[in-house]
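Below is protein_8.cif, holding mmCIF, C-alpha atoms.
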```cif
data_run
loop_
_atom_site.label_atom_id
_atom_site.label_comp_id
_atom_site.auth_asym_id
_atom_site.auth_seq_id
_atom_site.Cartn_x
_atom_site.Cartn_y
_atom_site.Cartn_z
CA MET A 1 -27.16 18.21 27.34
CA SER A 2 -28.07 17.83 31.00
CA GLY A 3 -28.75 14.55 32.70
CA THR A 4 -30.22 13.22 35.87
CA GLY A 5 -29.87 9.91 37.58
CA LYS A 6 -27.07 7.66 38.75
CA ALA A 7 -24.58 6.37 36.18
CA GLY A 8 -21.82 3.89 36.93
CA PHE A 9 -18.71 3.41 34.80
CA ILE A 10 -16.62 0.24 34.72
CA GLY A 11 -13.28 0.56 32.92
CA LEU A 12 -11.37 3.83 33.10
CA GLY A 13 -8.90 3.58 30.25
CA ILE A 14 -8.39 5.87 27.26
CA MET A 15 -12.10 5.74 26.46
CA GLY A 16 -13.86 4.98 29.72
CA ALA A 17 -12.35 7.77 31.79
CA PRO A 18 -13.40 10.66 29.53
CA MET A 19 -16.83 9.08 29.07
CA ALA A 20 -17.31 9.09 32.84
CA ARG A 21 -16.08 12.70 33.04
CA ASN A 22 -18.56 13.78 30.37
CA ALA A 23 -21.47 12.13 32.17
CA HIS A 24 -20.45 13.98 35.33
CA LYS A 25 -20.23 17.29 33.47
CA ALA A 26 -23.69 16.66 32.01
CA GLY A 27 -25.21 16.44 35.47
CA PHE A 28 -25.31 12.72 36.15
CA GLU A 29 -24.29 11.53 39.59
CA ILE A 30 -21.54 9.01 38.91
CA GLN A 31 -19.53 6.32 40.58
CA VAL A 32 -16.64 4.41 38.99
CA TRP A 33 -14.77 1.13 39.25
CA ASN A 34 -11.61 -0.09 37.60
CA ARG A 35 -9.65 -3.28 38.08
CA SER A 36 -6.42 -1.36 38.77
CA ALA A 37 -6.76 1.27 41.48
CA GLN A 38 -4.37 3.71 39.80
CA ARG A 39 -6.91 4.58 37.13
CA SER A 40 -9.57 5.24 39.77
CA ALA A 41 -7.35 7.53 41.87
CA PRO A 42 -7.91 10.75 39.83
CA PHE A 43 -11.68 10.35 40.25
CA GLN A 44 -11.32 9.79 43.97
CA ARG A 45 -9.18 12.94 44.25
CA ASP A 46 -11.99 14.83 42.54
CA GLY A 47 -14.52 13.65 45.11
CA ILE A 48 -16.13 10.97 42.91
CA THR A 49 -16.91 7.74 44.70
CA VAL A 50 -14.90 4.70 43.66
CA SER A 51 -17.11 1.70 44.20
CA GLU A 52 -15.73 -1.35 45.98
CA SER A 53 -16.84 -3.80 43.27
CA PRO A 54 -18.81 -4.05 40.01
CA MET A 55 -21.71 -5.54 42.01
CA ALA A 56 -21.76 -2.61 44.45
CA LEU A 57 -21.63 -0.18 41.54
CA ALA A 58 -24.53 -1.87 39.78
CA GLN A 59 -26.59 -1.92 42.97
CA TRP A 60 -26.09 1.85 43.36
CA ALA A 61 -26.52 2.97 39.74
CA ASP A 62 -29.54 3.22 37.47
CA GLN A 63 -27.35 2.64 34.42
CA VAL A 64 -23.88 1.10 34.16
CA VAL A 65 -21.54 1.68 31.20
CA ILE A 66 -18.87 -0.99 30.70
CA MET A 67 -15.80 -0.12 28.62
CA VAL A 68 -13.23 -2.89 28.95
CA THR A 69 -10.63 -4.50 26.72
CA ASP A 70 -11.93 -7.82 25.47
CA PRO A 71 -14.52 -10.61 25.83
CA ALA A 72 -12.83 -12.14 28.87
CA ALA A 73 -12.78 -8.81 30.69
CA LEU A 74 -16.45 -8.18 29.91
CA LEU A 75 -17.59 -11.57 31.19
CA ALA A 76 -15.35 -11.22 34.26
CA VAL A 77 -16.97 -7.97 35.40
CA ILE A 78 -20.43 -9.39 34.67
CA ASP A 79 -20.08 -12.88 36.11
CA ALA A 80 -17.52 -12.71 38.95
CA PRO A 81 -18.75 -13.43 42.49
CA ASN A 82 -18.73 -9.65 43.05
CA GLY A 83 -19.68 -8.91 39.44
CA VAL A 84 -22.46 -6.81 37.97
CA ALA A 85 -24.90 -9.73 37.71
CA ALA A 86 -24.23 -11.04 41.23
CA GLY A 87 -27.03 -8.87 42.63
CA ASP A 88 -30.61 -8.00 41.74
CA LEU A 89 -30.62 -5.86 38.57
CA ASN A 90 -34.33 -5.17 38.47
CA GLY A 91 -34.91 -1.66 37.10
CA LYS A 92 -31.29 -1.26 35.96
CA THR A 93 -29.75 -1.02 32.49
CA ILE A 94 -26.28 -2.33 31.67
CA LEU A 95 -24.68 -0.79 28.58
CA ASN A 96 -21.70 -2.58 27.10
CA ALA A 97 -19.61 -0.11 25.09
CA SER A 98 -16.64 -2.48 24.73
CA THR A 99 -15.65 -4.09 21.43
CA VAL A 100 -15.99 -7.82 21.99
CA SER A 101 -17.28 -10.88 20.14
CA VAL A 102 -20.94 -11.34 19.29
CA GLU A 103 -20.97 -14.43 21.53
CA ALA A 104 -19.58 -12.53 24.52
CA THR A 105 -22.12 -9.76 23.97
CA GLN A 106 -25.01 -12.20 23.90
CA GLU A 107 -23.70 -14.16 26.89
CA ALA A 108 -23.33 -10.96 28.92
CA ALA A 109 -26.87 -9.97 27.97
CA LYS A 110 -28.20 -13.36 29.04
CA ARG A 111 -26.59 -13.08 32.47
CA VAL A 112 -27.77 -9.51 33.02
CA GLN A 113 -31.30 -10.39 31.99
CA ALA A 114 -31.29 -13.45 34.25
CA ALA A 115 -30.52 -11.09 37.14
CA GLY A 116 -33.53 -8.96 36.20
CA GLY A 117 -31.76 -6.18 34.30
CA ARG A 118 -31.93 -4.69 30.82
CA PHE A 119 -28.94 -4.91 28.51
CA LEU A 120 -27.81 -2.71 25.64
CA ASP A 121 -25.09 -3.57 23.14
CA VAL A 122 -23.55 -0.12 22.43
CA PRO A 123 -19.95 -0.29 21.13
CA VAL A 124 -18.63 3.03 19.90
CA SER A 125 -17.18 4.39 16.70
CA GLY A 126 -14.50 6.86 17.77
CA SER A 127 -11.30 6.94 19.77
CA LYS A 128 -9.59 9.16 22.35
CA VAL A 129 -10.49 12.64 21.07
CA PRO A 130 -14.15 11.85 20.28
CA ALA A 131 -14.43 10.29 23.74
CA GLU A 132 -13.00 13.43 25.32
CA THR A 133 -15.23 15.77 23.32
CA ALA A 134 -18.42 13.68 23.59
CA GLN A 135 -18.47 13.05 19.83
CA LEU A 136 -18.71 9.26 19.91
CA VAL A 137 -21.14 7.35 17.71
CA PHE A 138 -22.96 4.56 19.54
CA LEU A 139 -23.80 1.48 17.48
CA ALA A 140 -26.74 0.19 19.45
CA GLY A 141 -28.27 -3.25 19.64
CA GLY A 142 -31.31 -3.83 21.84
CA GLU A 143 -34.94 -2.98 22.37
CA ALA A 144 -35.94 0.41 20.97
CA ALA A 145 -37.63 1.37 24.25
CA ASP A 146 -34.46 0.60 26.22
CA ILE A 147 -32.36 2.66 23.82
CA ASP A 148 -34.78 5.58 24.08
CA ALA A 149 -34.64 5.40 27.89
CA ALA A 150 -30.83 5.48 27.76
CA ARG A 151 -30.61 8.38 25.29
CA PRO A 152 -30.00 11.13 27.88
CA LEU A 153 -26.86 9.29 29.00
CA LEU A 154 -25.80 8.31 25.48
CA ASP A 155 -26.33 11.90 24.31
CA ALA A 156 -24.06 13.13 27.10
CA LEU A 157 -21.28 10.86 25.81
CA GLY A 158 -21.67 11.03 22.03
CA LYS A 159 -23.09 12.88 19.07
CA THR A 160 -25.43 10.20 17.75
CA THR A 161 -26.80 6.73 18.40
CA VAL A 162 -27.49 4.38 15.48
CA HIS A 163 -29.99 1.62 16.27
CA CYS A 164 -28.53 -1.36 14.43
CA GLY A 165 -31.04 -4.00 15.53
CA ALA A 166 -31.19 -6.63 18.27
CA ILE A 167 -28.57 -7.33 20.93
CA GLY A 168 -25.47 -8.46 19.04
CA ASP A 169 -26.15 -6.29 16.01
CA GLY A 170 -24.33 -3.32 17.53
CA THR A 171 -21.28 -5.53 17.94
CA ARG A 172 -21.64 -6.87 14.41
CA MET A 173 -21.71 -3.32 13.05
CA LYS A 174 -18.67 -2.36 15.14
CA LEU A 175 -16.66 -5.26 13.72
CA ALA A 176 -17.51 -4.16 10.17
CA ILE A 177 -16.52 -0.56 10.92
CA ASN A 178 -13.27 -1.55 12.58
CA LEU A 179 -12.39 -3.72 9.59
CA MET A 180 -12.72 -0.59 7.45
CA LEU A 181 -10.58 1.38 9.91
CA ALA A 182 -7.82 -1.22 9.99
CA ASN A 183 -7.82 -1.45 6.20
CA LEU A 184 -7.58 2.33 5.82
CA ILE A 185 -4.62 2.66 8.17
CA ASN A 186 -2.83 -0.29 6.57
CA GLY A 187 -3.44 1.22 3.13
CA LEU A 188 -2.20 4.65 4.23
CA CYS A 189 1.00 3.18 5.69
CA GLU A 190 1.70 0.98 2.65
CA SER A 191 1.05 3.88 0.26
CA LEU A 192 3.51 6.05 2.18
CA ALA A 193 6.09 3.26 2.10
CA LEU A 194 5.68 2.88 -1.67
CA THR A 195 5.87 6.65 -2.14
CA ARG A 196 9.21 6.76 -0.35
CA LYS A 197 10.57 3.71 -2.16
CA MET A 198 9.79 5.48 -5.46
CA GLY A 199 11.76 8.51 -4.31
CA LEU A 200 8.82 10.89 -3.79
CA PRO A 201 8.39 13.05 -0.67
CA ALA A 202 5.96 11.58 1.86
CA GLN A 203 4.42 14.99 2.55
CA MET A 204 3.67 15.39 -1.14
CA PHE A 205 1.63 12.19 -0.99
CA ILE A 206 -0.27 13.39 2.10
CA ASP A 207 -1.01 16.74 0.43
CA ALA A 208 -2.23 15.05 -2.75
CA LEU A 209 -4.39 12.63 -0.77
CA ASN A 210 -5.98 15.45 1.23
CA SER A 211 -6.73 17.37 -1.98
CA GLY A 212 -8.75 14.67 -3.70
CA VAL A 213 -11.89 12.60 -3.34
CA MET A 214 -10.23 10.21 -0.88
CA ALA A 215 -9.69 12.98 1.67
CA SER A 216 -11.26 12.22 5.04
CA PRO A 217 -10.91 13.43 8.65
CA LEU A 218 -9.32 10.11 9.63
CA LEU A 219 -6.71 10.07 6.86
CA SER A 220 -5.91 13.73 7.45
CA MET A 221 -5.43 13.19 11.18
CA LYS A 222 -3.38 10.01 10.84
CA GLY A 223 -1.40 11.42 7.91
CA SER A 224 -0.37 14.38 10.06
CA ALA A 225 0.53 12.06 12.93
CA LEU A 226 2.64 9.89 10.64
CA MET A 227 4.52 12.88 9.26
CA ALA A 228 5.21 14.06 12.83
CA ARG A 229 6.09 10.50 13.95
CA ASP A 230 3.54 10.98 16.70
CA PHE A 231 2.43 7.56 17.91
CA ALA A 232 0.86 8.56 21.23
CA PRO A 233 -2.04 6.12 21.65
CA HIS A 234 -5.49 7.32 20.63
CA PHE A 235 -6.50 3.79 19.63
CA PRO A 236 -3.75 1.39 20.77
CA LEU A 237 -2.44 -0.95 18.12
CA SER A 238 -2.94 -3.89 20.51
CA LEU A 239 -6.69 -3.29 20.49
CA VAL A 240 -6.81 -3.17 16.69
CA ALA A 241 -4.95 -6.48 16.60
CA LYS A 242 -7.51 -7.90 19.05
CA ASP A 243 -10.37 -6.57 16.94
CA MET A 244 -8.90 -8.05 13.76
CA ASP A 245 -8.85 -11.45 15.45
CA LEU A 246 -12.54 -11.01 16.31
CA ILE A 247 -13.33 -9.85 12.76
CA VAL A 248 -11.59 -12.76 11.04
CA GLU A 249 -13.25 -15.23 13.40
CA GLU A 250 -16.70 -13.70 12.80
CA ALA A 251 -16.11 -13.83 9.04
CA ARG A 252 -15.20 -17.51 9.36
CA LYS A 253 -18.40 -18.22 11.28
CA GLN A 254 -20.42 -16.37 8.64
CA GLY A 255 -18.80 -18.34 5.83
CA ALA A 256 -17.35 -15.14 4.37
CA GLU A 257 -13.95 -15.46 2.69
CA LEU A 258 -12.11 -12.18 3.32
CA PRO A 259 -8.49 -12.60 2.22
CA GLY A 260 -7.80 -8.88 2.62
CA ALA A 261 -8.94 -8.99 6.24
CA GLN A 262 -6.64 -11.93 6.91
CA ALA A 263 -3.69 -10.07 5.37
CA VAL A 264 -4.39 -6.96 7.43
CA ARG A 265 -4.79 -9.08 10.55
CA ASP A 266 -1.36 -10.58 9.85
CA ALA A 267 0.14 -7.10 9.42
CA TYR A 268 -1.10 -5.99 12.84
CA ALA A 269 -0.01 -9.29 14.39
CA LYS A 270 3.51 -8.73 13.06
CA ALA A 271 3.51 -5.21 14.51
CA MET A 272 2.52 -6.71 17.85
CA GLU A 273 5.42 -9.16 17.64
CA ARG A 274 7.70 -6.18 17.11
CA GLY A 275 6.60 -4.58 20.38
CA LEU A 276 4.38 -1.82 18.98
CA GLY A 277 1.17 -2.76 20.77
CA ASP A 278 1.14 0.09 23.30
CA LEU A 279 1.46 2.74 20.57
CA ASP A 280 -1.27 4.16 18.37
CA LEU A 281 -2.50 1.98 15.52
CA ALA A 282 -0.64 4.32 13.13
CA ALA A 283 2.58 2.81 14.52
CA LEU A 284 1.85 0.04 12.04
CA MET A 285 3.98 2.34 9.83
CA ARG A 286 7.12 1.26 11.69
CA SER A 287 6.50 -2.40 10.94
CA ILE A 288 5.70 -1.73 7.29
CA GLU A 289 8.84 0.40 6.94
CA GLN A 290 10.90 -2.47 8.31
CA ASP A 291 9.43 -4.91 5.80
CA ALA A 292 9.95 -2.42 2.96
CA GLY A 293 13.61 -1.89 3.84
CA LEU A 294 13.09 1.73 4.80
CA GLU A 295 14.83 3.59 7.55
CA SER A 296 12.18 4.51 10.09
CA GLY A 297 11.04 8.10 9.60
CA ALA A 298 13.57 8.91 6.89
CA GLU A 299 12.54 10.64 3.65
#
```

Show how you would write the structure in this file as C-alpha cells.
Amino acid sequence: MSGTGKAGFIGLGIMGAPMARNAHKAGFEIQVWNRSAQRSAPFQRDGITVSESPMALAQWADQVVIMVTDPAALLAVIDAPNGVAAGDLNGKTILNASTVSVEATQEAAKRVQAAGGRFLDVPVSGSKVPAETAQLVFLAGGEAADIDAARPLLDALGKTTVHCGAIGDGTRMKLAINLMLANLINGLCESLALTRKMGLPAQMFIDALNSGVMASPLLSMKGSALMARDFAPHFPLSLVAKDMDLIVEEARKQGAELPGAQAVRDAYAKAMERGLGDLDLAALMRSIEQDAGLESGAE
C-alpha cells in the first residue's frame, strides 16, 4: 500500500511509534510529536521532523493520528494552548486511535470540529506485533465519507477498518472487545493456576487447549509466553487496568450489571497494587499465583 500526503503522529509509545514508521514506509510524509523527547529522538536521528507542539503538527499535516494513554492525555493534546485544536483545522482530519472513554472521544470531536476539522474515532484492536506488522484492526466511528478519505492512511497501518457507526461507536466497540480480552487472559491464568494446584503439568493444559475448539491465536501466543515466563510488554497490564475502569464505568452508565467484569477489574487492580503494571497483561499470572498459594513459575 502506497500513500501520499502529510501525516502527523502524536504519541510514540509501543503502538504509536510503529504506526508512524509504517506510514513512512508506505510513502506518507510524516512528522511526529511526543510529550517526552526521548521517544522522539529515534525519529529525529532518522531525519524525520519532530514538531515543536501538537498545534504545529496539526497545522503542517493533512491527517493527525493520536495514540496516547488515557482520556486526560487525549484532551490535553487537543485542548492545550499549543494543542491540536488551538489553530485552524479547516481541511484537516484528526484520528484518535487511543482507548479512552466515550465522553472523552465525543469531547475531543467537539473541540476539533469547532476548530474547523474533521474527527474520526478509530481505536485499534491489536497490540505491539500487529502495530509493527501493520495488521491492526481499526474500529471506526464517524462519517462514512471521512472514513473513506482516511482509508489510504488506515490501510497503511492496519489490515482492516470496521465502520461501527457514529463518533463514539468506535470507542464503544473497543471497550467491548477489551472486556473480552481481559476476560480471556484472566481465564487462561486462573485455569493454569488450577491445573497446577491439581498436580497436572501446565504445558499439558496449554497443549490440550491448543488442540480443541477453544484454540485461538491469542491464547496460543499468551500460553507460550506464560510457559516461557516472558512478560515483556506487548499490551502493558497498566493499560488493561485503565481500560477495565473505563469498561465498568460505561457498563454502569448503560445500566448493565456485569459482575464478571467487576471481578476481572479487581484482579487487574490487585496486580497493579503488586507492581506489575509495566509488564505485559499476561503478568496477571504472577498475581493469581500469589493468591493461589503457588510458587511463581514452578510446576

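Closest approach to A:Ala108 among A:Asp79, A:Asp88, A:Glu29, A:Glu273: A:Asp79, based on all atoms listed in the file.
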
Atom-to-atom span, atom CA of A:Asn82 and atom CA of A:Pro54, Å: 6.4 Å

Applied to the shown file, which residues does the PyMOL selection byres ((chain A and resi 221-232) around 9) return, written as an MDAnalysis selection string? chainID A and resid 185 188:189 202:203 206 216:220 233:236 278:283 285 297

Give as a PyMOL selection string the set of residues within 10 Å of the point (-14.3, 0.3, 44.6), where distances use the file's coordinates and only C-alpha atoms. chain A and resi 31-37+40+44+49-57

Nearest residue to A:Glu289 out of A:Thr69, A:Ser191, A:Gln59, A:Asn96, using all atoms listed in the file? A:Ser191

Report as a list of chain:residue names the residues that result from applying the PyMOL selection byres ((chain A and resi 291) around 12) to the structure here. A:Cys189, A:Glu190, A:Ala193, A:Leu194, A:Lys197, A:Ala267, A:Lys270, A:Ala271, A:Arg274, A:Leu284, A:Met285, A:Arg286, A:Ser287, A:Ile288, A:Glu289, A:Gln290, A:Ala292, A:Gly293, A:Leu294, A:Glu295, A:Ser296

Hits of the PyMOL selection byres ((chain A and resi 161-177) around 10) in this structure, as a PyMOL selection string: chain A and resi 96-107+109+119-125+136-144+147-148+151+154-155+158-160+178-183+243-244+246-248+250-251

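The interatomic distance for the pair atom CA of A:Arg111 and atom CA of A:Leu157 works out to 25.4 Å.
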
Closest to A:Val65 among A:Ser238, A:Gln262, A:Gln38, A:Thr93, using only C-alpha atoms? A:Thr93

Residues near stretch 9-26 of chain A, cut-off 7 Å, all atoms listed in the file, skip fewer than 5 positions along chain, as number ranges by chain: A: 1-3, 31-34, 39, 64-68, 127-128, 131-132, 134, 153, 156-157

Å distance separating atom CA of A:Val77 from atom CA of A:Thr4, one decimal place: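 Straight-line distance from atom CA of A:Val77 to atom CA of A:Thr4 works out to 25.0 Å.
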
Please determine an axis-aligned box that encloses all atoms of stretch 202-210 of chain A listed in the file, with 4 Å added on each side, and express its centre and edge lengths in Å to one decimal as JSON.
```
{"center_x": 0.0, "center_y": 14.2, "center_z": -0.1, "size_x": 19.9, "size_y": 13.2, "size_z": 13.3}
```

Selection near A:Gln113, 9 Å with all atoms listed in the file, sequence-local residues under 6 positions removed, as a VMD selection string: chain A and resid 85 89 to 90 119

Restrict the output to stretch 243-283 of chain A and C-alpha atoms, then write it as an mmCIF file, in the first residue's frame.
```cif
data_model
loop_
_atom_site.group_PDB
_atom_site.id
_atom_site.type_symbol
_atom_site.label_atom_id
_atom_site.label_comp_id
_atom_site.auth_asym_id
_atom_site.auth_seq_id
_atom_site.Cartn_x
_atom_site.Cartn_y
_atom_site.Cartn_z
ATOM 1 C CA ASP A 243 -9.460 0.010 30.246
ATOM 2 C CA MET A 244 -11.278 -2.136 32.798
ATOM 3 C CA ASP A 245 -12.051 1.008 34.786
ATOM 4 C CA LEU A 246 -13.498 2.575 31.622
ATOM 5 C CA ILE A 247 -15.477 -0.599 30.844
ATOM 6 C CA VAL A 248 -17.026 -0.914 34.303
ATOM 7 C CA GLU A 249 -17.916 2.779 34.309
ATOM 8 C CA GLU A 250 -19.516 2.538 30.846
ATOM 9 C CA ALA A 251 -21.490 -0.525 31.957
ATOM 10 C CA ARG A 252 -22.718 1.428 34.984
ATOM 11 C CA LYS A 253 -23.866 4.302 32.770
ATOM 12 C CA GLN A 254 -25.660 1.858 30.480
ATOM 13 C CA GLY A 255 -27.428 0.213 33.408
ATOM 14 C CA ALA A 256 -25.732 -3.103 32.630
ATOM 15 C CA GLU A 257 -24.882 -5.295 35.622
ATOM 16 C CA LEU A 258 -21.652 -7.128 34.744
ATOM 17 C CA PRO A 259 -20.376 -8.878 37.882
ATOM 18 C CA GLY A 260 -17.743 -10.777 35.908
ATOM 19 C CA ALA A 261 -16.310 -7.522 34.559
ATOM 20 C CA GLN A 262 -16.112 -6.120 38.079
ATOM 21 C CA ALA A 263 -14.280 -9.232 39.295
ATOM 22 C CA VAL A 264 -11.798 -9.077 36.424
ATOM 23 C CA ARG A 265 -11.300 -5.366 37.026
ATOM 24 C CA ASP A 266 -10.473 -6.157 40.654
ATOM 25 C CA ALA A 267 -7.982 -8.834 39.567
ATOM 26 C CA TYR A 268 -6.073 -6.363 37.386
ATOM 27 C CA ALA A 269 -6.261 -3.699 40.101
ATOM 28 C CA LYS A 270 -4.660 -6.124 42.555
ATOM 29 C CA ALA A 271 -1.905 -6.887 40.036
ATOM 30 C CA MET A 272 -1.300 -3.150 39.750
ATOM 31 C CA GLU A 273 -1.004 -2.885 43.535
ATOM 32 C CA ARG A 274 1.632 -5.611 43.368
ATOM 33 C CA GLY A 275 3.784 -3.567 40.997
ATOM 34 C CA LEU A 276 3.098 -5.467 37.770
ATOM 35 C CA GLY A 277 1.756 -2.569 35.714
ATOM 36 C CA ASP A 278 4.774 -2.109 33.439
ATOM 37 C CA LEU A 279 4.752 -5.776 32.380
ATOM 38 C CA ASP A 280 2.560 -7.433 29.773
ATOM 39 C CA LEU A 281 -1.051 -8.119 30.733
ATOM 40 C CA ALA A 282 -0.123 -11.824 30.959
ATOM 41 C CA ALA A 283 1.827 -10.911 34.113
#
```
